[in-house]
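Chemist: Pasting in a structure now, in structure tokens, and then I'll have a few things to ask.
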Amino acid sequence: MSAILQVSNLVKRFGALTAVDDVSFSIREGSCFGLLGPNGAGKTTTIELMEGIKTPDSGRILYRGEALDRRFRNEAGIMFQSTALQEFITVREIMLQFSRFYPASYPIDELADRFSLHEFLNQDTRRLSGGQKQRLLLAISLINRPRVLFLDEPTTGLDPQSRRNLWKEVQQVREQGATILLTTHYMEEAYELCDEIAIMDHGRIIAQDAPDSLLAAHFDDVVVQLHAADIPRELGETEFQAVYRNDSAHIVTGDVNRTIAQLLQYDVPLDRLRIRARNLEDLFLELTGKELRA
Amino acid sequence: MWSRIYALFVARNLEFFRDRSSLAWNLLLPIAIIFVFAYAFNEENPEKFKVGLVGPVPAEGPAAVFRATRFVKFIEFDDVETSLVKVERHQIDLLFEPGTHGYWINRTSPNGYIVEKLLIAAYAGSGETPGRHLVEGEEIRYVDWVIPGVISMNIMWGALFGIGYVIVRYRKFGILKRLSATPVTAMEFLCAQILSRLLVLLVVNVVMFVGMDLFIDFRMYGSYFDLLVVFLLGCINMICCGLVVAARISSEEVANGLLNLLSWPMMFLSGIWFSLEGAAPWMQKIALLLPLTHVTAAARAIMIDGAGLAQVADHLLVLGVSSIVLLAIGARIFKWE
């Protein structure tokens with residue numbers, strides 16, 4: 001499939017800080033592309049450059065082969081990390097306002113049904129809960145039936161249930177053919193939703209591929225995880241090169257049988273042992289030397 | 001384009017009219033002004049009569065007797081020529097020049113008739129006869145003169161702060177950023193803000209105008225349509241000033257400072273409260289640069305002198321051209337973020 005958005009050699013500086021440093025990638029039409037990275041990695045600046053909210057110092061962004069123009073504005077749906085809405089306005093009125101901005105828009109009642117907003121339609125937007133407001137913002141971003149949808153950390157601050165509900169919505173939007181660009185620092189979210197991810201750090205992309213391909217390319221081992229209290233730190237670090245994080249000790253191994261046999265030799269209790277595949281979190285740690293949500 | 005402007009216009013109106021505290025403030029201020037004026041101009045003045053004096057009063061003789069009259073306020077003037085307008089407009093009841101025994105009164109002024117009797121009584125038996133000169137002209141009270149200025153001032157506050165604050169707040173909280181992600185252009189957004197504020201100013205000032213008329217019964221000789229044109233243009237001009245101030249700022253404190261910096265000189269230098277006729281020439285030149293001077297002058301000409309739009313065309317031209325320039329600058333330097 002062809003690329004709907006193409007970014008080449010994008011640079012954005014804020015004073016001495018280079019927030020986006022020579023970033024290039026393209027997004028296939030109909031795919032979900034994830035920009036991953038810790039806070040301050042340059043994800044939001046990159047997505048805002050692509051939305052046309054900020055202008056790059058150098059580099060080029062093409063939408064369907066052309067510079068961002070009015071057609072892009074009409075066809076793009078955008079949900080910022082945080083957005084204030086006009087005050088003293090009801091949910092219905094704010095949706096009506098946004099629907100009038102576009103030549104063709106979704107019927108408000110249909111959108112309200114889909115995002116369970118019906119019971120709040122006549123409520124002041126200031127009285128919505130976090131999850132309700134996030135649903136409203138997502139509904140607003142879809143009001144023009146966008147061909148490309150930008151979601152900047154859409155689930156930050158939501159409880160697990162609201163997060164899963166929002167994922168379902170995003171998947172639905174994708175199934176209807178829209179292309180999605182998503183930033184997140186939740187690895188699970190990226191793994192669940194994205195066909196392709198780019199990991200960012202210090203304004204650069206340090207790895208990019210489909211999530212499983214990235215994991216396969218970097219790892220051929222698994223993690224044996226024990227409770228930190230079950231294996232003395234000295235033993236773990238010298239004999240097993242274990243990494244201690246919070247309450248657990250992580251041992252990376254290519255040969256699980258041998259590692260377990262060794263642990264039994266040292267009389268380490270295995271009641272709380274878990275074996276898990278390497279995930280994006282590990283990949284990020286491996287690539288950058290730091291944890292994602294540090 | 002119109003549907004986008006309309007959408008923003010409606011949203012801003014709803015926001016304004018539902019924000020009770022702001023709405024109350026916008027309506028209470030003019031009502032307070034009406035009452036202060038009604039009170040200030042209905043109070044009885046113990047010095048019922050005002051006489052202008054040109055030149056020194058001799059220590060003895062009929063002029064000295066007249067000067068000693070109680071409950072008459074004597075005001076000194078430099079020459080007859082420039083003081084006659086005061087008699088014409090009933091700002092003084094009689095002008096007296098002791099050196100020539102000449103006096104000037106307005107034939108339509110009841111107070112002038114009484115003060116003339118007092119003057120003639122003072123001259124009785126002195127062998128001299130005071131020389132009578134008649135002056136034509138209808139009364140203009142200070143309240144008639146000041147009301148066009150008060151409405152201009154109300155427009156200025158409502159426009160500058162009503163527009164400036166709202167846009168800066170929209171920017172500060174990211175509402176503008178969200179709008180910038182839609183097909184709405186800066187010009188469409190600004191037009192919607194202008195129209196919405198125009199509606200508010202129109203409602204508030206019509207209420208104030210009618211209210212003041214009920215309590216004070218001031219003078220209005222021109223056409224209401226002409227006055228509406230002047231005030232509408234004044235509103236647009238002041239709103240555009242506010243737009244330029246708010247074009248880039250995202251701090252309410254900075255906006256507040258700048259708006260005050262703009263409004264206070266206009267408050268005192270655009271002839272709202274007192275005429276700048278006698279002021280230093282440089283001050284008069286500065287006054288001409290202030291748009292509010294032109295709003296006040298044009299409104300005053302229409303209300304007091306019954307002027308038509310043609311006679312205030314120069315003021316309207318200044319207001320129209322500067323509005324277009326200010327709007328163009330505002331839209332050009334406007335920043336969503």
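Starting from 1 in every chain, residues are counted up; chains themselves are A, B, ... following the order of the structure tokens, and ligands are numbered from 1 as listed.
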With a distance cut-off of 12 Å and only C-alpha atoms, select the neighbouring residues of Arg4 in chain B, excluding the residue or stretch itself and same-chain residues fewer than 6 positions from it, and output the selection as a PyMOL selection string.
Modeler: (chain A and resi 96-103) or (chain B and resi 10-11+179+182-193)
Chemist: Compile the residues of chain B that lie within 9 Å of chain A, evaluated using only C-alpha atoms, and express the compilation as a ChimeraX atom specification.
Modeler: /B:1,3-8,10-12,14-19,170,173-175,177-184,336-337
Chemist: Include C-alpha atoms and write out the residues we just selected as a PDB file, in the first residue's frame.
Modeler:
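Output contents, as saved in selection.pdb:
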ATOM      1  CA  MET B   1     -16.325  30.070   5.523  1.00  0.00           C
ATOM      2  CA  SER B   3     -20.551  28.305   8.553  1.00  0.00           C
ATOM      3  CA  ARG B   4     -17.233  28.254  10.418  1.00  0.00           C
ATOM      4  CA  ILE B   5     -17.598  31.914  11.452  1.00  0.00           C
ATOM      5  CA  TYR B   6     -21.192  31.238  12.481  1.00  0.00           C
ATOM      6  CA  ALA B   7     -20.160  28.206  14.556  1.00  0.00           C
ATOM      7  CA  LEU B   8     -17.569  30.222  16.486  1.00  0.00           C
ATOM      8  CA  VAL B  10     -22.655  31.062  18.360  1.00  0.00           C
ATOM      9  CA  ALA B  11     -20.241  29.315  20.723  1.00  0.00           C
ATOM     10  CA  ARG B  12     -18.752  32.584  21.938  1.00  0.00           C
ATOM     11  CA  LEU B  14     -23.360  31.127  24.506  1.00  0.00           C
ATOM     12  CA  GLU B  15     -20.191  31.269  26.543  1.00  0.00           C
ATOM     13  CA  PHE B  16     -20.623  34.982  27.228  1.00  0.00           C
ATOM     14  CA  PHE B  17     -24.308  35.041  28.037  1.00  0.00           C
ATOM     15  CA  ARG B  18     -24.067  31.956  30.275  1.00  0.00           C
ATOM     16  CA  ASP B  19     -21.109  33.262  32.230  1.00  0.00           C
ATOM     17  CA  TYR B 170      -8.277  30.870  24.772  1.00  0.00           C
ATOM     18  CA  PHE B 173      -5.659  27.082  27.885  1.00  0.00           C
ATOM     19  CA  GLY B 174      -5.034  25.625  24.415  1.00  0.00           C
ATOM     20  CA  ILE B 175      -8.525  26.286  23.029  1.00  0.00           C
ATOM     21  CA  LYS B 177      -4.524  25.314  19.535  1.00  0.00           C
ATOM     22  CA  ARG B 178      -7.455  22.935  19.143  1.00  0.00           C
ATOM     23  CA  LEU B 179      -9.178  25.324  16.721  1.00  0.00           C
ATOM     24  CA  SER B 180      -5.964  25.636  14.731  1.00  0.00           C
ATOM     25  CA  ALA B 181      -6.171  21.913  14.035  1.00  0.00           C
ATOM     26  CA  THR B 182      -9.424  22.482  12.125  1.00  0.00           C
ATOM     27  CA  PRO B 183      -9.987  24.223   8.768  1.00  0.00           C
ATOM     28  CA  VAL B 184     -10.759  27.476  10.637  1.00  0.00           C
ATOM     29  CA  TRP B 336      -2.700  30.190  17.634  1.00  0.00           C
ATOM     30  CA  GLU B 337      -0.172  29.031  20.207  1.00  0.00           C
TER      31      GLU B 337
END
Chemist: Env of range 108-112 of chain B: 7 Å cut, atoms = only C-alpha atoms, seq-sep filter 4 positions within chain, self excluded. Answer as a PyMOL selection string.
Modeler: chain B and resi 49+90+93-94+116
Chemist: Take the selection from the previous step and output its residues with C-alpha atoms, as a PDB file, in the first residue's frame.
Modeler:
ATOM      1  CA  PHE B  49     -26.474  81.844  38.788  1.00  0.00           C
ATOM      2  CA  HIS B  90     -26.012  78.588  28.650  1.00  0.00           C
ATOM      3  CA  ASP B  93     -26.013  83.153  32.483  1.00  0.00           C
ATOM      4  CA  LEU B  94     -24.487  86.524  31.721  1.00  0.00           C
ATOM      5  CA  GLU B 116     -29.972  90.985  34.081  1.00  0.00           C
TER       6      GLU B 116
END
Chemist: Which residues, written as a list in words, have at least one atom at most 6 Å from range 4-16 of chain A, with only C-alpha atoms counted and residues fewer than 4 positions away on the same chain left out?
Modeler: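 Everything that qualifies: Val20, Asp21, Asp22, Val23, Ser24, Phe25, Ser26, Ile27, Arg28, Glu29, Pro56, Asp57, Ser58, Gly59, Arg60, Ile61, Leu62, Tyr63 and Arg64 of chain A.
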Chemist: Between A:Arg278, A:Arg272, A:Arg127, A:His202, which has the minimum distance to Ala228 in chain A (counting only C-alpha atoms)?
Modeler: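 Of all the options, A:Arg272 lies closest to Ala228 in chain A.
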Chemist: Which of range 26-203 of chain B end up as strand (DSSP E or B) when DSSP is run on this backbone - answer as a PDB file with N, CA and C atoms, in the first residue's frame?
Modeler:
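Final output, saved to states27.pdb:
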ATOM      1  N   PHE B  49     -26.794  81.029  39.966  1.00  0.00           N
ATOM      2  CA  PHE B  49     -26.474  81.844  38.788  1.00  0.00           C
ATOM      3  C   PHE B  49     -24.970  81.934  38.557  1.00  0.00           C
ATOM      4  N   LYS B  50     -24.611  81.983  37.291  1.00  0.00           N
ATOM      5  CA  LYS B  50     -23.197  82.096  36.955  1.00  0.00           C
ATOM      6  C   LYS B  50     -22.982  83.296  36.051  1.00  0.00           C
ATOM      7  N   VAL B  51     -22.048  84.140  36.462  1.00  0.00           N
ATOM      8  CA  VAL B  51     -21.764  85.341  35.684  1.00  0.00           C
ATOM      9  C   VAL B  51     -20.288  85.347  35.297  1.00  0.00           C
ATOM     10  N   GLY B  52     -20.012  85.590  34.035  1.00  0.00           N
ATOM     11  CA  GLY B  52     -18.630  85.701  33.586  1.00  0.00           C
ATOM     12  C   GLY B  52     -18.175  87.151  33.676  1.00  0.00           C
ATOM     13  N   LEU B  53     -16.939  87.348  34.163  1.00  0.00           N
ATOM     14  CA  LEU B  53     -16.408  88.705  34.292  1.00  0.00           C
ATOM     15  C   LEU B  53     -15.198  88.840  33.377  1.00  0.00           C
ATOM     16  N   VAL B  54     -15.168  89.940  32.581  1.00  0.00           N
ATOM     17  CA  VAL B  54     -13.992  90.199  31.761  1.00  0.00           C
ATOM     18  C   VAL B  54     -13.373  91.504  32.251  1.00  0.00           C
ATOM     19  N   VAL B  72     -24.507  84.244  43.645  1.00  0.00           N
ATOM     20  CA  VAL B  72     -24.131  84.285  42.229  1.00  0.00           C
ATOM     21  C   VAL B  72     -22.661  83.902  42.167  1.00  0.00           C
ATOM     22  N   LYS B  73     -22.358  82.958  41.249  1.00  0.00           N
ATOM     23  CA  LYS B  73     -20.960  82.551  41.121  1.00  0.00           C
ATOM     24  C   LYS B  73     -20.324  83.401  40.013  1.00  0.00           C
ATOM     25  N   PHE B  74     -19.243  84.102  40.365  1.00  0.00           N
ATOM     26  CA  PHE B  74     -18.539  84.908  39.360  1.00  0.00           C
ATOM     27  C   PHE B  74     -17.311  84.158  38.843  1.00  0.00           C
ATOM     28  N   ILE B  75     -17.193  84.070  37.531  1.00  0.00           N
ATOM     29  CA  ILE B  75     -16.050  83.360  36.931  1.00  0.00           C
ATOM     30  C   ILE B  75     -15.319  84.356  36.041  1.00  0.00           C
ATOM     31  N   GLU B  76     -13.999  84.401  36.173  1.00  0.00           N
ATOM     32  CA  GLU B  76     -13.249  85.392  35.380  1.00  0.00           C
ATOM     33  C   GLU B  76     -12.830  84.820  34.033  1.00  0.00           C
ATOM     34  N   PHE B  77     -12.951  85.658  33.007  1.00  0.00           N
ATOM     35  CA  PHE B  77     -12.525  85.264  31.660  1.00  0.00           C
ATOM     36  C   PHE B  77     -11.552  86.303  31.107  1.00  0.00           C
ATOM     37  N   LEU B  94     -24.693  85.156  32.182  1.00  0.00           N
ATOM     38  CA  LEU B  94     -24.487  86.524  31.721  1.00  0.00           C
ATOM     39  C   LEU B  94     -22.987  86.788  31.686  1.00  0.00           C
ATOM     40  N   LEU B  95     -22.547  87.563  30.697  1.00  0.00           N
ATOM     41  CA  LEU B  95     -21.132  87.945  30.638  1.00  0.00           C
ATOM     42  C   LEU B  95     -21.069  89.450  30.811  1.00  0.00           C
ATOM     43  N   PHE B  96     -20.198  89.896  31.727  1.00  0.00           N
ATOM     44  CA  PHE B  96     -20.178  91.313  32.101  1.00  0.00           C
ATOM     45  C   PHE B  96     -18.755  91.848  31.982  1.00  0.00           C
ATOM     46  N   GLU B  97     -18.627  93.052  31.318  1.00  0.00           N
ATOM     47  CA  GLU B  97     -17.314  93.701  31.212  1.00  0.00           C
ATOM     48  C   GLU B  97     -17.382  95.027  31.948  1.00  0.00           C
ATOM     49  N   GLY B 102     -20.560  96.988  29.546  1.00  0.00           N
ATOM     50  CA  GLY B 102     -21.325  96.191  28.582  1.00  0.00           C
ATOM     51  C   GLY B 102     -21.621  94.805  29.139  1.00  0.00           C
ATOM     52  N   TYR B 103     -22.775  94.220  28.748  1.00  0.00           N
ATOM     53  CA  TYR B 103     -23.055  92.837  29.164  1.00  0.00           C
ATOM     54  C   TYR B 103     -23.749  92.088  28.035  1.00  0.00           C
ATOM     55  N   TRP B 104     -23.602  90.739  28.080  1.00  0.00           N
ATOM     56  CA  TRP B 104     -24.150  89.884  27.027  1.00  0.00           C
ATOM     57  C   TRP B 104     -25.061  88.833  27.672  1.00  0.00           C
ATOM     58  N   ILE B 105     -26.250  88.720  27.170  1.00  0.00           N
ATOM     59  CA  ILE B 105     -27.122  87.655  27.676  1.00  0.00           C
ATOM     60  C   ILE B 105     -27.762  86.913  26.508  1.00  0.00           C
ATOM     61  N   ASN B 106     -28.249  85.720  26.862  1.00  0.00           N
ATOM     62  CA  ASN B 106     -28.919  84.881  25.877  1.00  0.00           C
ATOM     63  C   ASN B 106     -30.423  85.085  26.062  1.00  0.00           C
ATOM     64  N   GLY B 131     -24.689  98.609  28.937  1.00  0.00           N
ATOM     65  CA  GLY B 131     -24.990  98.377  27.523  1.00  0.00           C
ATOM     66  C   GLY B 131     -25.359  96.928  27.254  1.00  0.00           C
ATOM     67  N   ARG B 132     -26.571  96.694  26.723  1.00  0.00           N
ATOM     68  CA  ARG B 132     -27.074  95.329  26.548  1.00  0.00           C
ATOM     69  C   ARG B 132     -26.720  94.764  25.177  1.00  0.00           C
ATOM     70  N   HIS B 133     -26.194  93.525  25.137  1.00  0.00           N
ATOM     71  CA  HIS B 133     -25.950  92.830  23.874  1.00  0.00           C
ATOM     72  C   HIS B 133     -26.641  91.480  23.929  1.00  0.00           C
ATOM     73  N   LEU B 134     -27.344  91.150  22.835  1.00  0.00           N
ATOM     74  CA  LEU B 134     -28.062  89.862  22.842  1.00  0.00           C
ATOM     75  C   LEU B 134     -27.266  88.791  22.108  1.00  0.00           C
ATOM     76  N   VAL B 135     -27.344  87.595  22.621  1.00  0.00           N
ATOM     77  CA  VAL B 135     -26.639  86.451  22.033  1.00  0.00           C
ATOM     78  C   VAL B 135     -27.668  85.362  21.777  1.00  0.00           C
TER      79      VAL B 135
END
Chemist: Using only C-alpha atoms, determine which residues lie at most 12 Å from Ala124 in chain B, disregarding the query and same-chain residues fewer than 4 positions distant; provide the list as a ChimeraX atom specification.
Modeler: /B:61-63,65-66,117-120,128-130
Chemist: Restricting the output to C-alpha atoms, write the selected residues as a CSV table (one decimal), in the first residue's frame.
Modeler:
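In the end it all went to result.csv:
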chain,number,residue,atom,x,y,z
B,61,GLY,CA,-19.5,102.0,41.8
B,62,PRO,CA,-22.4,99.9,40.3
B,63,ALA,CA,-20.0,97.1,39.1
B,65,VAL,CA,-22.4,96.5,44.0
B,66,PHE,CA,-23.3,93.9,41.4
B,117,LYS,CA,-32.6,92.4,36.5
B,118,LEU,CA,-30.0,92.2,39.3
B,119,LEU,CA,-27.4,94.0,37.2
B,120,ILE,CA,-29.8,96.8,36.2
B,128,GLU,CA,-24.5,105.0,34.3
B,129,THR,CA,-26.5,102.6,32.1
B,130,PRO,CA,-25.2,99.2,31.2
Chemist: List as a PyMOL selection string the protein and nucleic acid residues near range 244-248 of chain A, meaning an atom at most 12 Å away when only C-alpha atoms are counted, but skip any in the same chain fewer than 2 places from it.
Modeler: chain A and resi 223-237+240-242+250-252+272-274+291+294
Chemist: What would the file look like if the residues just selected were written as a tab-separated table (two decimals), in the first residue's frame with C-alpha atoms?
Modeler:
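And here is the file that came out, result32.tsv:
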chain	number	residue	atom	x	y	z
A	223	VAL	CA	13.30	-13.54	31.01
A	224	VAL	CA	13.18	-15.68	34.13
A	225	GLN	CA	11.64	-13.51	36.80
A	226	LEU	CA	11.94	-14.25	40.52
A	227	HIS	CA	10.87	-12.44	43.64
A	228	ALA	CA	13.85	-10.38	44.81
A	229	ALA	CA	13.55	-11.82	48.33
A	230	ASP	CA	13.99	-15.37	47.02
A	231	ILE	CA	17.45	-14.85	45.56
A	232	PRO	CA	20.13	-12.94	47.48
A	233	ARG	CA	21.34	-9.93	45.52
A	234	GLU	CA	24.99	-10.99	45.63
A	235	LEU	CA	24.27	-14.47	44.31
A	236	GLY	CA	21.89	-13.17	41.62
A	237	GLU	CA	24.23	-10.52	40.32
A	240	PHE	CA	23.13	-15.05	37.02
A	241	GLN	CA	23.79	-11.43	35.91
A	242	ALA	CA	20.33	-10.72	37.30
A	250	HIS	CA	15.20	-10.55	36.14
A	251	ILE	CA	17.50	-13.16	34.63
A	252	VAL	CA	17.86	-13.12	30.87
A	272	ARG	CA	7.16	-17.37	42.59
A	273	LEU	CA	9.11	-17.97	39.37
A	274	ARG	CA	7.72	-16.63	36.11
A	291	GLU	CA	13.26	2.57	31.41
A	294	ALA	CA	11.44	6.50	34.41
Chemist: Can you pull out the residues contacting range 165-173 of chain A? Cut-off 8 Å, using only C-alpha atoms, and skip same-chain residues under 3 positions away; I want them as a list in words.
Modeler: Arg135, Thr155, Gln161, Ser162, Gln176, Gly177, Ala178, Glu189 and Leu193 of chain A
Chemist: Any chance you can output those residues with N, CA and C atoms as a CSV table (one decimal), in the first residue's frame?
Modeler:
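part-v5.csv was written with the following content:
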chain,number,residue,atom,x,y,z
A,135,ARG,N,-13.4,10.7,25.9
A,135,ARG,CA,-14.3,10.1,24.8
A,135,ARG,C,-14.8,11.2,24.0
A,155,THR,N,-4.5,7.8,26.1
A,155,THR,CA,-5.0,7.1,27.3
A,155,THR,C,-4.3,7.5,28.5
A,161,GLN,N,-9.9,0.3,32.7
A,161,GLN,CA,-11.1,0.0,32.0
A,161,GLN,C,-11.4,1.0,30.8
A,162,SER,N,-11.3,2.3,31.2
A,162,SER,CA,-11.4,3.4,30.2
A,162,SER,C,-10.4,3.2,29.1
A,176,GLN,N,-12.5,0.8,9.9
A,176,GLN,CA,-13.2,1.5,8.9
A,176,GLN,C,-12.3,2.2,7.9
A,177,GLY,N,-11.0,2.0,8.0
A,177,GLY,CA,-10.1,2.4,6.9
A,177,GLY,C,-9.3,3.6,7.2
A,178,ALA,N,-9.4,4.2,8.3
A,178,ALA,CA,-8.6,5.4,8.6
A,178,ALA,C,-7.2,5.0,9.0
A,189,GLU,N,0.1,-0.7,25.0
A,189,GLU,CA,-0.8,0.0,24.1
A,189,GLU,C,-0.3,-0.1,22.6
A,193,LEU,N,-2.2,-2.0,19.6
A,193,LEU,CA,-2.8,-1.3,18.5
A,193,LEU,C,-2.0,-1.1,17.2
Chemist: To one decimal in Å, tell me the separation between CA of Gly271 in chain B and CA of Ile92 in chain B.
Modeler: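 About the pair CA of Gly271 in chain B and CA of Ile92 in chain B: they are 21.0 Å apart.
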Chemist: Quick one: pull the distance between CA of Leu309 in chain B and CA of Ser263 in chain B, Å, one decimal.
Modeler: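 Calculated distance between CA of Leu309 in chain B and CA of Ser263 in chain B is 26.4 Å.
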Chemist: Could you pull out all residues of range 91-280 of chain A with a DSSP call of helix (DSSP H, G or I) and give them as a PyMOL selection string?
Modeler: chain A and resi 91-100+108-114+118-120+125-127+130-141+160-175+187-193+211-218+228-230+233-240+256-265+280
Chemist: Go through B:Gly55, B:Phe334, B:Val210, B:Phe9 and flag the residue nearest Arg197 in chain B, using only C-alpha atoms for the distances.
Modeler: B:Phe9
Chemist: Can you work out which one of B:Ala298, B:Ala122, B:Ala307, B:Met266 has the shortest atom-to-atom distance to Thr69 in chain B, counting only C-alpha atoms?
Modeler: B:Ala122
